[in-house]
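Asker: This is the structure I want to talk about, given as structure tokens.
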Amino acid sequence: MKCYSNIFHALMVTVALSLTQAASAQTAYYIDGYHGGIWGHYPDWNTRFMADMLTKNPNWKINIELEPETWARAKAVDPSAYADFKALFADQSLNGRIEYVNPAYAQSYNYNISGESIIRQFSYGMKLVKAHFPEAIFTSYSSEEPCFTSALPQILTSFGFKYASLKNPNTCWGGYTRAHSGELVNWIGPDGTGIITSPRYAVENLSLRSTWQTIAWNNSSEYIKAAIAAGMPHPVGMTLQDAGWKNGPFIGNGQKGGIKSIYTTWRNYFGNVAKNDAREDWKVSQEDMLVSLVWGSQVMQRIAQQVRVSENKLVMAEKLAAMAKIYGGANWPQAQFDSAWRTLLLSQHHDCWIVPYNGKPGDTWADKVVGWTGNTNAICDSITTKTVFALAKLSKETYVTVYNTTGGERNEVVTIDAPEGFNGLVDAKGQAIPSQIKAGKLAFMAQVPSMGYAVYQLSANASPAAYGTSLSIVANGKYLIETDLFKIIIDPAHGGAIRSIIAKKLGNEEFVDKTNARAFNELRGNFYNDGGFRSSTETPAKIEVLENGQLQIKLAIKGIIAGTDYTQELTVTQGQPKIDIKLHIDWKSNVGIGDAMPNGTYKLDNPTKPFYDDRNKLLALFPLNLKGQKIYKDAPFDVTESKLENTFFTRWDSIKNNVMLNWVDVTDAKGTYGMALFTDHTTNYAHGHDFPLGLDIQYSGMGLWNRDHSITGPTTINYALIPHAGKWDKAGIETQNANWNEQLITVVMTAYPGAMSNSLIKAPAGYQISAVNFDGNDMLVRVYNTGAGDVKSKIIFGCNADKAYFTELDGRAGAVLPLTTLKAGGLITTVAMPKFGIRTIRLVNARK
């Protein structure tokens, strides 16, 4: 036995010596460069510094992630330095010394905004970079912050990128990506597109005594030796310095622990150094993005809501302007759209979301978002008004025109101010439209074609057909709401909680779990300075009937939680599968909600953060009568089936992705029934095998960098619930959410658009119209497939064109599409694309 032990010991010594010798002879690589820009505290001297240090250090190479707007100021304040840097930049070969690795306009986190916004971040950013550096080639994507989302492979490759990095070793405050074995991977996106990628290595551990770094940030010998031992032939570390850190070559001459690190661009690393290295496919889930912000804080809610409103307004304004150009001959307002997109993109800057309080009083990032989104909204409102007048044909009669900017036909209730003397509407055939009037508001059922409009004439003697909504008080003072789809019971005695939701057309399925200790639509959270956990069910609520008509019922549920008044406006509509809720909490002071600060003090390197633990935040809870629950959630151009046992974590080194972009959907184990939850802003959700679905309503307490994320006024949040049969895709949840975000637009005037209805684009079932805009006279239509993959589907255009073809996001022409002229006018084409795929169709010389 002793003999075998000696042999084993000798063998281990030999292996250790071999590894040490290999490490000492091994060459490592390092990604140095700069992050930030004019909005991220870029100092005026930095352009000269970079140019001079590149000249002084011929072996230094840098990777640039600087906001494109930076260069206009650099040129103005130091034209000589700008010219010198530009000359160094001109060499964009594999051996060039400068690579632009993130040309996004405002360095967004990407996972927290719409897919269309991500596309515009790149398109506007790349255009501006090339205006300063015409030779710029965009080969590799990399970011100092966790600016990642699962759908990036298809977006990047369509813009011409060949490579990507999933590392952010030196700025992990907002999170990091899941580690993966191997030096390289093929990052596979949800649509099947792959891109060669450097992942966060399995050996790239999170740093000890840090909540912002991995061990790859400075190519420490610990990191490089671990990578070598794991069989990596060309290990690489990275830091993109925050512009203003006056470090030239960040790790000096690169000699550390007997290992030589060579500075490289990502382009050179992928194209020269590691081009033949092994890699395996990695289908990256959105849950592999281990990211977290101070979700639930009021400042975060407001920023996310403001951005969402502007995102919706802007894509809708573009679609309306396209209708006006085709049907009304209006000019395309490109300069206005450019201005609107610029300020929206800036409001998506990562610093707005992670350091909203930074800046001078009155000019913090949060203040900037108010101004930026305000500019976007004003431009969109102006364009929308001009669109209406461009289409209008004057008349002696009064009409209501309803516009739909989504790709599918809609049959929904809309509301207008009731003009005096009118009691209803008639359609083009003179048939009365189902309607109701209450408190000066006229609600009616509008049927509107896809990406188009429908016109209705106001009438003084319409006799609308009766519909079937009803409201009654039943046993124990509960309220019973009925529509053609639902029976809903509200319990005023327990804070207005929902006691029952029965879906009539889904086999009378009961969706509320009546056995759960928590009530459905209950508000509950830990008021850590005011008695601990408090619930809206503790006190009775008053019910005020706001609407009780044939089409729509709206109740105001007025209650109290922990001494604070709140109102939940609950609306149900005939024929509509959603239950809308508008929550208003009338905070009068900054109460503490969530988890109290551990040990009473804030430390940067303490991995436990109070804003991580959602169980203590104020949540709206939805215990569901669904066995073996599964969670699905949307992301930009993606939907993920959650693999999490629960969403809860308390430490920086244990982050789970519980981000809620637009919706989450809970189904039973077999996918027979489910309920989707929509929200009007990016936030997070809560769920576990023993914890009901919860929507984050409020956190108030310590955030990052010792900043108190406080309550400064009332909170208002909109959310909606959709009970359904089948999984999210069969239930059309993405389409329902698109309709919820892009509300029907109503216009009342003594004019109408000439035709009583029109449809510019009709998308197949399961497809969305992500965007419509113009390049000269060519109409660009971006479609997103959330339905079946690679099935031939028909798209109908209510216009004429010379030809149609796919075009990549960088303008490269793709396959020509067959066009057939319809007898009734317009064109039809057939497309096939993968599920979660996006394609842009160019209609050449589009016209009426």
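Scheme for the structure tokens: letters A, B, ... for chains in order shown; per-chain residue numbers from 1; ligand numbers from 1 in order shown.
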Can you pull out every residue from region 117-335 of chain A that DSSP, working from the backbone, puts in strand (DSSP E or B), and format the result as a PyMOL selection string?

Answerer: chain A and resi 140-141+163-165+175-177+180+184-188+194-198+201+206+214+236-242+255-256+259-263+279-283+289-291+297

Asker: Can you list, as a PyMOL selection string, every protein, DNA or RNA residue that comes within 9 Å of region 225-237 of chain A when you count only C-alpha atoms, leaving out same-chain residues fewer than 5 positions away?

Answerer: chain A and resi 19-20+22-23+26-32+167+169+181-183+198+201-204+215-220+259+261+269+273-274+277

Asker: Fewer than 2 positions away in the same chain doesn't count, so skip those; otherwise give me all residues within 12 Å of Thr55 (chain A), counting only C-alpha atoms, as a PDB file with N, CA and C atoms, in the first residue's frame.

Answerer:
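Final output, around_2.pdb:
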ATOM      1  N   ARG A  48      -6.758  62.367 -26.889  1.00  0.00           N
ATOM      2  CA  ARG A  48      -5.312  62.580 -27.021  1.00  0.00           C
ATOM      3  C   ARG A  48      -4.542  61.505 -26.268  1.00  0.00           C
ATOM      4  N   PHE A  49      -5.024  61.139 -25.099  1.00  0.00           N
ATOM      5  CA  PHE A  49      -4.356  60.116 -24.303  1.00  0.00           C
ATOM      6  C   PHE A  49      -4.301  58.791 -25.057  1.00  0.00           C
ATOM      7  N   MET A  50      -5.422  58.365 -25.632  1.00  0.00           N
ATOM      8  CA  MET A  50      -5.451  57.098 -26.365  1.00  0.00           C
ATOM      9  C   MET A  50      -4.498  57.136 -27.562  1.00  0.00           C
ATOM     10  N   ALA A  51      -4.542  58.227 -28.323  1.00  0.00           N
ATOM     11  CA  ALA A  51      -3.681  58.332 -29.508  1.00  0.00           C
ATOM     12  C   ALA A  51      -2.206  58.301 -29.122  1.00  0.00           C
ATOM     13  N   ASP A  52      -1.852  59.041 -28.084  1.00  0.00           N
ATOM     14  CA  ASP A  52      -0.447  59.100 -27.660  1.00  0.00           C
ATOM     15  C   ASP A  52       0.031  57.762 -27.107  1.00  0.00           C
ATOM     16  N   MET A  53      -0.803  57.090 -26.309  1.00  0.00           N
ATOM     17  CA  MET A  53      -0.383  55.829 -25.712  1.00  0.00           C
ATOM     18  C   MET A  53      -0.295  54.709 -26.755  1.00  0.00           C
ATOM     19  N   ASN A  57       3.194  52.831 -27.254  1.00  0.00           N
ATOM     20  CA  ASN A  57       3.201  51.392 -26.967  1.00  0.00           C
ATOM     21  C   ASN A  57       2.752  50.626 -28.215  1.00  0.00           C
ATOM     22  N   PRO A  58       3.683  50.319 -29.096  1.00  0.00           N
ATOM     23  CA  PRO A  58       3.319  49.701 -30.389  1.00  0.00           C
ATOM     24  C   PRO A  58       2.681  48.321 -30.260  1.00  0.00           C
ATOM     25  N   ASN A  59       2.814  47.661 -29.112  1.00  0.00           N
ATOM     26  CA  ASN A  59       2.209  46.335 -28.941  1.00  0.00           C
ATOM     27  C   ASN A  59       0.818  46.398 -28.305  1.00  0.00           C
ATOM     28  N   TRP A  60       0.378  47.619 -28.027  1.00  0.00           N
ATOM     29  CA  TRP A  60      -0.929  47.790 -27.376  1.00  0.00           C
ATOM     30  C   TRP A  60      -2.026  47.811 -28.434  1.00  0.00           C
ATOM     31  N   LYS A  61      -3.120  47.104 -28.157  1.00  0.00           N
ATOM     32  CA  LYS A  61      -4.304  47.149 -29.005  1.00  0.00           C
ATOM     33  C   LYS A  61      -5.517  47.405 -28.125  1.00  0.00           C
ATOM     34  N   ASP A  84      -5.542  62.350 -35.151  1.00  0.00           N
ATOM     35  CA  ASP A  84      -4.520  61.327 -34.883  1.00  0.00           C
ATOM     36  C   ASP A  84      -5.174  59.976 -34.579  1.00  0.00           C
ATOM     37  N   PHE A  85      -6.220  60.017 -33.771  1.00  0.00           N
ATOM     38  CA  PHE A  85      -6.909  58.771 -33.432  1.00  0.00           C
ATOM     39  C   PHE A  85      -7.566  58.172 -34.673  1.00  0.00           C
ATOM     40  N   ALA A  87      -6.583  58.450 -37.726  1.00  0.00           N
ATOM     41  CA  ALA A  87      -5.552  57.850 -38.575  1.00  0.00           C
ATOM     42  C   ALA A  87      -5.159  56.465 -38.056  1.00  0.00           C
ATOM     43  N   LEU A  88      -5.056  56.311 -36.734  1.00  0.00           N
ATOM     44  CA  LEU A  88      -4.733  55.008 -36.156  1.00  0.00           C
ATOM     45  C   LEU A  88      -5.870  54.005 -36.374  1.00  0.00           C
ATOM     46  N   ARG A  97      -5.088  47.840 -34.885  1.00  0.00           N
ATOM     47  CA  ARG A  97      -4.888  48.025 -33.444  1.00  0.00           C
ATOM     48  C   ARG A  97      -6.129  48.552 -32.713  1.00  0.00           C
ATOM     49  N   GLY A 248      -2.820  53.383 -19.561  1.00  0.00           N
ATOM     50  CA  GLY A 248      -2.562  53.054 -20.957  1.00  0.00           C
ATOM     51  C   GLY A 248      -2.769  51.572 -21.091  1.00  0.00           C
ATOM     52  N   PRO A 249      -1.772  50.807 -21.389  1.00  0.00           N
ATOM     53  CA  PRO A 249      -1.932  49.361 -21.306  1.00  0.00           C
ATOM     54  C   PRO A 249      -2.327  48.986 -19.878  1.00  0.00           C
TER      55      PRO A 249
END

Asker: Provide the CA of Pro764 (chain A) to CA of Val639 (chain A) distance in Å, to one decimal place.

Answerer: 18.7 Å

Asker: What separation in Å, quoted to one decimal, exists between CA of Gly688 (chain A) and CA of Pro190 (chain A)?

Answerer: 24.8 Å

Asker: Of the candidates A:Ile490, A:Ser654, A:Leu809, A:Thr840, which one gets nearest to Thr157 (chain A) if we count only C-alpha atoms?

Answerer: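 Checking each candidate against Thr157 (chain A), we get A:Leu809 as the closest.
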
Asker: Report as a VMD selection string all protein, DNA and RNA residues lying within 8 Å of region 410-414 of chain A, evaluated on only C-alpha atoms, omitting residues in the same chain fewer than 4 positions from it.

Answerer: chain A and resid 404 443 to 450 551 573 575 to 576 744 746

Asker: Any idea what's packed within 9 Å of Gln768 (chain A), counting only C-alpha atoms, ignoring anything in its chain fewer than 6 positions away? Could you give it as a CSV table (one decimal) with all heavy atoms, in the first residue's frame?

Answerer:
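Contents of selection.csv, freshly written:
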chain,number,residue,atom,x,y,z
A,406,THR,N,-51.2,46.9,-35.5
A,406,THR,CA,-50.7,45.6,-35.4
A,406,THR,C,-51.0,44.8,-36.7
A,406,THR,O,-51.8,45.2,-37.5
A,406,THR,CB,-51.2,44.8,-34.2
A,406,THR,OG1,-52.6,44.6,-34.4
A,406,THR,CG2,-51.0,45.6,-32.9
A,407,GLY,N,-50.4,43.6,-36.8
A,407,GLY,CA,-50.5,42.9,-38.1
A,407,GLY,C,-51.7,42.0,-38.2
A,407,GLY,O,-51.9,41.2,-39.2
A,408,GLY,N,-52.6,42.0,-37.2
A,408,GLY,CA,-53.8,41.1,-37.2
A,408,GLY,C,-55.1,41.9,-37.0
A,408,GLY,O,-55.1,43.0,-36.4
A,734,GLU,N,-48.4,36.3,-27.4
A,734,GLU,CA,-47.6,37.4,-27.9
A,734,GLU,C,-48.5,38.3,-28.7
A,734,GLU,O,-48.3,39.5,-28.7
A,734,GLU,CB,-46.5,36.8,-28.8
A,734,GLU,CG,-45.3,36.3,-28.1
A,734,GLU,CD,-44.3,37.4,-27.8
A,734,GLU,OE1,-44.7,38.5,-27.3
A,734,GLU,OE2,-43.1,37.1,-27.9
A,735,THR,N,-49.5,37.8,-29.5
A,735,THR,CA,-50.4,38.7,-30.2
A,735,THR,C,-51.2,39.5,-29.3
A,735,THR,O,-51.4,40.7,-29.5
A,735,THR,CB,-51.3,37.9,-31.1
A,735,THR,OG1,-50.4,37.2,-32.1
A,735,THR,CG2,-52.3,38.7,-31.9
A,738,ALA,N,-49.1,42.2,-27.9
A,738,ALA,CA,-48.9,43.3,-28.9
A,738,ALA,C,-50.1,44.2,-29.0
A,738,ALA,O,-49.9,45.4,-29.0
A,738,ALA,CB,-48.6,42.7,-30.3
A,782,ARG,N,-40.7,44.8,-41.1
A,782,ARG,CA,-40.0,43.8,-40.3
A,782,ARG,C,-41.0,42.9,-39.6
A,782,ARG,O,-41.9,43.4,-39.0
A,782,ARG,CB,-39.1,44.5,-39.3
A,782,ARG,CG,-38.2,43.5,-38.6
A,782,ARG,CD,-36.8,44.0,-38.2
A,782,ARG,NE,-36.8,45.3,-37.8
A,782,ARG,CZ,-36.3,46.4,-38.5
A,782,ARG,NH1,-35.7,46.2,-39.7
A,782,ARG,NH2,-36.2,47.6,-38.0
A,783,VAL,N,-40.9,41.6,-39.8
A,783,VAL,CA,-41.8,40.7,-39.3
A,783,VAL,C,-41.1,39.8,-38.3
A,783,VAL,O,-39.9,39.5,-38.5
A,783,VAL,CB,-42.5,39.8,-40.4
A,783,VAL,CG1,-43.4,40.7,-41.2
A,783,VAL,CG2,-41.5,39.1,-41.3
A,784,TYR,N,-41.8,39.3,-37.3
A,784,TYR,CA,-41.3,38.5,-36.2
A,784,TYR,C,-42.2,37.3,-36.1
A,784,TYR,O,-43.4,37.5,-35.9
A,784,TYR,CB,-41.2,39.3,-34.9
A,784,TYR,CG,-40.9,38.5,-33.6
A,784,TYR,CD1,-39.9,37.5,-33.6
A,784,TYR,CD2,-41.7,38.7,-32.5
A,784,TYR,CE1,-39.7,36.8,-32.4
A,784,TYR,CE2,-41.4,38.0,-31.3
A,784,TYR,CZ,-40.5,37.0,-31.3
A,784,TYR,OH,-40.3,36.3,-30.1
A,785,ASN,N,-41.6,36.1,-36.2
A,785,ASN,CA,-42.4,34.9,-36.1
A,785,ASN,C,-42.4,34.3,-34.7
A,785,ASN,O,-41.4,33.8,-34.2
A,785,ASN,CB,-41.8,33.8,-37.1
A,785,ASN,CG,-42.6,32.5,-37.1
A,785,ASN,OD1,-43.7,32.4,-36.5
A,785,ASN,ND2,-42.1,31.6,-37.8
A,786,THR,N,-43.6,34.3,-34.1
A,786,THR,CA,-43.8,33.7,-32.7
A,786,THR,C,-44.5,32.4,-32.8
A,786,THR,O,-44.8,31.8,-31.8
A,786,THR,CB,-44.5,34.7,-31.8
A,786,THR,OG1,-45.9,34.8,-32.2
A,786,THR,CG2,-43.8,36.0,-31.7

Asker: Quick one: of A:Leu661, A:Leu693, A:Val369, A:Ile733, who's nearest to Asn646 (chain A), counting only C-alpha atoms?

Answerer: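 Of A:Leu661, A:Leu693, A:Val369, A:Ile733, the one nearest Asn646 (chain A) is A:Leu693, counting only C-alpha atoms.
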
Asker: Can you pull out the residues contacting region 129-138 of chain A? Cut-off 7 Å, using only C-alpha atoms, and skip same-chain residues under 6 positions away; I want them as a ChimeraX atom specification.

Answerer: /A:68,86,90,92,100-101,103,160-161

Asker: Just the selected residues (N, CA and C atoms), exported as a PDB file, in the first residue's frame, please.

Answerer:
ATOM      1  N   PRO A  68     -21.320  56.602 -29.613  1.00  0.00           N
ATOM      2  CA  PRO A  68     -21.001  57.275 -30.877  1.00  0.00           C
ATOM      3  C   PRO A  68     -21.112  58.789 -30.839  1.00  0.00           C
ATOM      4  N   LYS A  86      -8.140  59.033 -35.498  1.00  0.00           N
ATOM      5  CA  LYS A  86      -8.798  58.573 -36.719  1.00  0.00           C
ATOM      6  C   LYS A  86      -7.802  57.897 -37.657  1.00  0.00           C
ATOM      7  N   ALA A  90      -7.820  53.795 -38.907  1.00  0.00           N
ATOM      8  CA  ALA A  90      -8.061  53.484 -40.319  1.00  0.00           C
ATOM      9  C   ALA A  90      -7.740  52.036 -40.679  1.00  0.00           C
ATOM     10  N   GLN A  92      -8.340  48.573 -40.399  1.00  0.00           N
ATOM     11  CA  GLN A  92      -9.370  47.692 -39.853  1.00  0.00           C
ATOM     12  C   GLN A  92      -9.142  46.226 -40.252  1.00  0.00           C
ATOM     13  N   TYR A 100     -13.932  48.604 -33.004  1.00  0.00           N
ATOM     14  CA  TYR A 100     -15.150  49.113 -32.369  1.00  0.00           C
ATOM     15  C   TYR A 100     -16.030  47.907 -32.056  1.00  0.00           C
ATOM     16  N   VAL A 101     -16.100  47.535 -30.776  1.00  0.00           N
ATOM     17  CA  VAL A 101     -16.763  46.282 -30.412  1.00  0.00           C
ATOM     18  C   VAL A 101     -18.214  46.467 -29.964  1.00  0.00           C
ATOM     19  N   PRO A 103     -20.958  49.318 -31.104  1.00  0.00           N
ATOM     20  CA  PRO A 103     -21.370  50.592 -31.685  1.00  0.00           C
ATOM     21  C   PRO A 103     -22.791  50.994 -31.323  1.00  0.00           C
ATOM     22  N   GLY A 160     -23.853  41.996 -39.798  1.00  0.00           N
ATOM     23  CA  GLY A 160     -22.544  41.685 -40.359  1.00  0.00           C
ATOM     24  C   GLY A 160     -21.501  41.261 -39.358  1.00  0.00           C
ATOM     25  N   PHE A 161     -21.850  41.176 -38.070  1.00  0.00           N
ATOM     26  CA  PHE A 161     -20.897  40.710 -37.067  1.00  0.00           C
ATOM     27  C   PHE A 161     -20.596  39.225 -37.285  1.00  0.00           C
TER      28      PHE A 161
END

Asker: Going by DSSP on the backbone, which bits of region 624-738 of chain A are alpha helix (DSSP H)? Write them as a list in words, please.

Answerer: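 Answer for region 624-738 of chain A restricted to alpha helix (DSSP H) is Ile733, Glu734, Thr735, Gln736, Asn737 and Ala738 of chain A.
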
Asker: When you count only C-alpha atoms, which of these residues is closest to Met597 (chain A): A:Gln306, A:Asn508, A:Asn521, A:Ser700?

Answerer: A:Ser700

Asker: Using only C-alpha atoms, which residues sit within 9 Å of Glu569 (chain A) once same-chain residues fewer than 4 positions away are excluded, as a PDB file with all heavy atoms, in the first residue's frame?

Answerer:
ATOM      1  N   LEU A 546     -67.767  52.070 -11.557  1.00  0.00           N
ATOM      2  CA  LEU A 546     -67.438  53.144 -12.497  1.00  0.00           C
ATOM      3  C   LEU A 546     -68.166  52.977 -13.828  1.00  0.00           C
ATOM      4  O   LEU A 546     -68.559  53.963 -14.452  1.00  0.00           O
ATOM      5  CB  LEU A 546     -65.927  53.175 -12.735  1.00  0.00           C
ATOM      6  CG  LEU A 546     -65.047  53.381 -11.507  1.00  0.00           C
ATOM      7  CD1 LEU A 546     -63.570  53.362 -11.900  1.00  0.00           C
ATOM      8  CD2 LEU A 546     -65.395  54.679 -10.802  1.00  0.00           C
ATOM      9  N   LYS A 554     -66.496  48.203 -15.075  1.00  0.00           N
ATOM     10  CA  LYS A 554     -65.286  48.700 -14.422  1.00  0.00           C
ATOM     11  C   LYS A 554     -65.611  49.011 -12.966  1.00  0.00           C
ATOM     12  O   LYS A 554     -66.544  49.758 -12.656  1.00  0.00           O
ATOM     13  CB  LYS A 554     -64.757  49.953 -15.114  1.00  0.00           C
ATOM     14  CG  LYS A 554     -63.489  50.513 -14.485  1.00  0.00           C
ATOM     15  CD  LYS A 554     -63.026  51.800 -15.171  1.00  0.00           C
ATOM     16  CE  LYS A 554     -62.498  51.505 -16.558  1.00  0.00           C
ATOM     17  NZ  LYS A 554     -61.896  52.737 -17.161  1.00  0.00           N
ATOM     18  N   LEU A 555     -64.816  48.416 -12.066  1.00  0.00           N
ATOM     19  CA  LEU A 555     -64.973  48.644 -10.635  1.00  0.00           C
ATOM     20  C   LEU A 555     -63.731  49.311 -10.072  1.00  0.00           C
ATOM     21  O   LEU A 555     -62.607  49.010 -10.491  1.00  0.00           O
ATOM     22  CB  LEU A 555     -65.183  47.320  -9.896  1.00  0.00           C
ATOM     23  CG  LEU A 555     -66.345  46.425 -10.317  1.00  0.00           C
ATOM     24  CD1 LEU A 555     -66.369  45.172  -9.451  1.00  0.00           C
ATOM     25  CD2 LEU A 555     -67.665  47.170 -10.224  1.00  0.00           C
ATOM     26  N   ALA A 556     -63.932  50.197  -9.110  1.00  0.00           N
ATOM     27  CA  ALA A 556     -62.824  50.757  -8.337  1.00  0.00           C
ATOM     28  C   ALA A 556     -62.841  50.085  -6.965  1.00  0.00           C
ATOM     29  O   ALA A 556     -63.794  50.242  -6.196  1.00  0.00           O
ATOM     30  CB  ALA A 556     -62.962  52.261  -8.193  1.00  0.00           C
ATOM     31  N   ILE A 557     -61.803  49.296  -6.697  1.00  0.00           N
ATOM     32  CA  ILE A 557     -61.669  48.591  -5.420  1.00  0.00           C
ATOM     33  C   ILE A 557     -60.762  49.441  -4.541  1.00  0.00           C
ATOM     34  O   ILE A 557     -59.564  49.568  -4.798  1.00  0.00           O
ATOM     35  CB  ILE A 557     -61.080  47.191  -5.633  1.00  0.00           C
ATOM     36  CG1 ILE A 557     -61.953  46.383  -6.598  1.00  0.00           C
ATOM     37  CG2 ILE A 557     -60.907  46.468  -4.300  1.00  0.00           C
ATOM     38  CD1 ILE A 557     -61.299  45.111  -7.096  1.00  0.00           C
ATOM     39  N   LYS A 558     -61.325  50.046  -3.507  1.00  0.00           N
ATOM     40  CA  LYS A 558     -60.593  50.995  -2.666  1.00  0.00           C
ATOM     41  C   LYS A 558     -60.320  50.381  -1.304  1.00  0.00           C
ATOM     42  O   LYS A 558     -61.242  50.079  -0.543  1.00  0.00           O
ATOM     43  CB  LYS A 558     -61.389  52.295  -2.525  1.00  0.00           C
ATOM     44  CG  LYS A 558     -61.626  52.988  -3.860  1.00  0.00           C
ATOM     45  CD  LYS A 558     -62.343  54.315  -3.704  1.00  0.00           C
ATOM     46  CE  LYS A 558     -62.469  55.024  -5.047  1.00  0.00           C
ATOM     47  NZ  LYS A 558     -63.122  56.354  -4.923  1.00  0.00           N
ATOM     48  N   ASP A 580     -58.224  43.615 -17.040  1.00  0.00           N
ATOM     49  CA  ASP A 580     -57.302  44.747 -16.880  1.00  0.00           C
ATOM     50  C   ASP A 580     -57.379  45.304 -15.468  1.00  0.00           C
ATOM     51  O   ASP A 580     -58.484  45.472 -14.913  1.00  0.00           O
ATOM     52  CB  ASP A 580     -57.638  45.862 -17.872  1.00  0.00           C
ATOM     53  CG  ASP A 580     -57.099  45.591 -19.254  1.00  0.00           C
ATOM     54  OD1 ASP A 580     -55.892  45.376 -19.382  1.00  0.00           O
ATOM     55  OD2 ASP A 580     -57.897  45.595 -20.222  1.00  0.00           O
ATOM     56  N   ILE A 581     -56.210  45.624 -14.915  1.00  0.00           N
ATOM     57  CA  ILE A 581     -56.148  46.199 -13.564  1.00  0.00           C
ATOM     58  C   ILE A 581     -55.190  47.379 -13.570  1.00  0.00           C
ATOM     59  O   ILE A 581     -54.044  47.270 -14.027  1.00  0.00           O
ATOM     60  CB  ILE A 581     -55.694  45.150 -12.533  1.00  0.00           C
ATOM     61  CG1 ILE A 581     -56.687  43.980 -12.490  1.00  0.00           C
ATOM     62  CG2 ILE A 581     -55.561  45.787 -11.141  1.00  0.00           C
ATOM     63  CD1 ILE A 581     -56.227  42.805 -11.690  1.00  0.00           C
ATOM     64  N   LYS A 582     -55.663  48.490 -13.077  1.00  0.00           N
ATOM     65  CA  LYS A 582     -54.834  49.675 -12.871  1.00  0.00           C
ATOM     66  C   LYS A 582     -54.725  49.908 -11.369  1.00  0.00           C
ATOM     67  O   LYS A 582     -55.714  50.169 -10.691  1.00  0.00           O
ATOM     68  CB  LYS A 582     -55.443  50.903 -13.549  1.00  0.00           C
ATOM     69  CG  LYS A 582     -54.634  52.173 -13.376  1.00  0.00           C
ATOM     70  CD  LYS A 582     -55.287  53.335 -14.103  1.00  0.00           C
ATOM     71  CE  LYS A 582     -54.469  54.616 -13.959  1.00  0.00           C
ATOM     72  NZ  LYS A 582     -55.084  55.753 -14.696  1.00  0.00           N
ATOM     73  N   LEU A 583     -53.519  49.794 -10.854  1.00  0.00           N
ATOM     74  CA  LEU A 583     -53.278  49.924  -9.419  1.00  0.00           C
ATOM     75  C   LEU A 583     -52.677  51.299  -9.113  1.00  0.00           C
ATOM     76  O   LEU A 583     -51.685  51.699  -9.730  1.00  0.00           O
ATOM     77  CB  LEU A 583     -52.314  48.829  -8.943  1.00  0.00           C
ATOM     78  CG  LEU A 583     -51.781  48.956  -7.510  1.00  0.00           C
ATOM     79  CD1 LEU A 583     -52.904  48.840  -6.492  1.00  0.00           C
ATOM     80  CD2 LEU A 583     -50.713  47.910  -7.251  1.00  0.00           C
ATOM     81  N   HIS A 584     -53.288  51.974  -8.171  1.00  0.00           N
ATOM     82  CA  HIS A 584     -52.762  53.267  -7.713  1.00  0.00           C
ATOM     83  C   HIS A 584     -52.608  53.213  -6.193  1.00  0.00           C
ATOM     84  O   HIS A 584     -53.575  52.947  -5.470  1.00  0.00           O
ATOM     85  CB  HIS A 584     -53.708  54.410  -8.096  1.00  0.00           C
ATOM     86  CG  HIS A 584     -53.240  55.758  -7.637  1.00  0.00           C
ATOM     87  ND1 HIS A 584     -52.315  56.508  -8.347  1.00  0.00           N
ATOM     88  CD2 HIS A 584     -53.552  56.485  -6.531  1.00  0.00           C
ATOM     89  CE1 HIS A 584     -52.094  57.640  -7.712  1.00  0.00           C
ATOM     90  NE2 HIS A 584     -52.827  57.650  -6.604  1.00  0.00           N
TER      91      HIS A 584
END
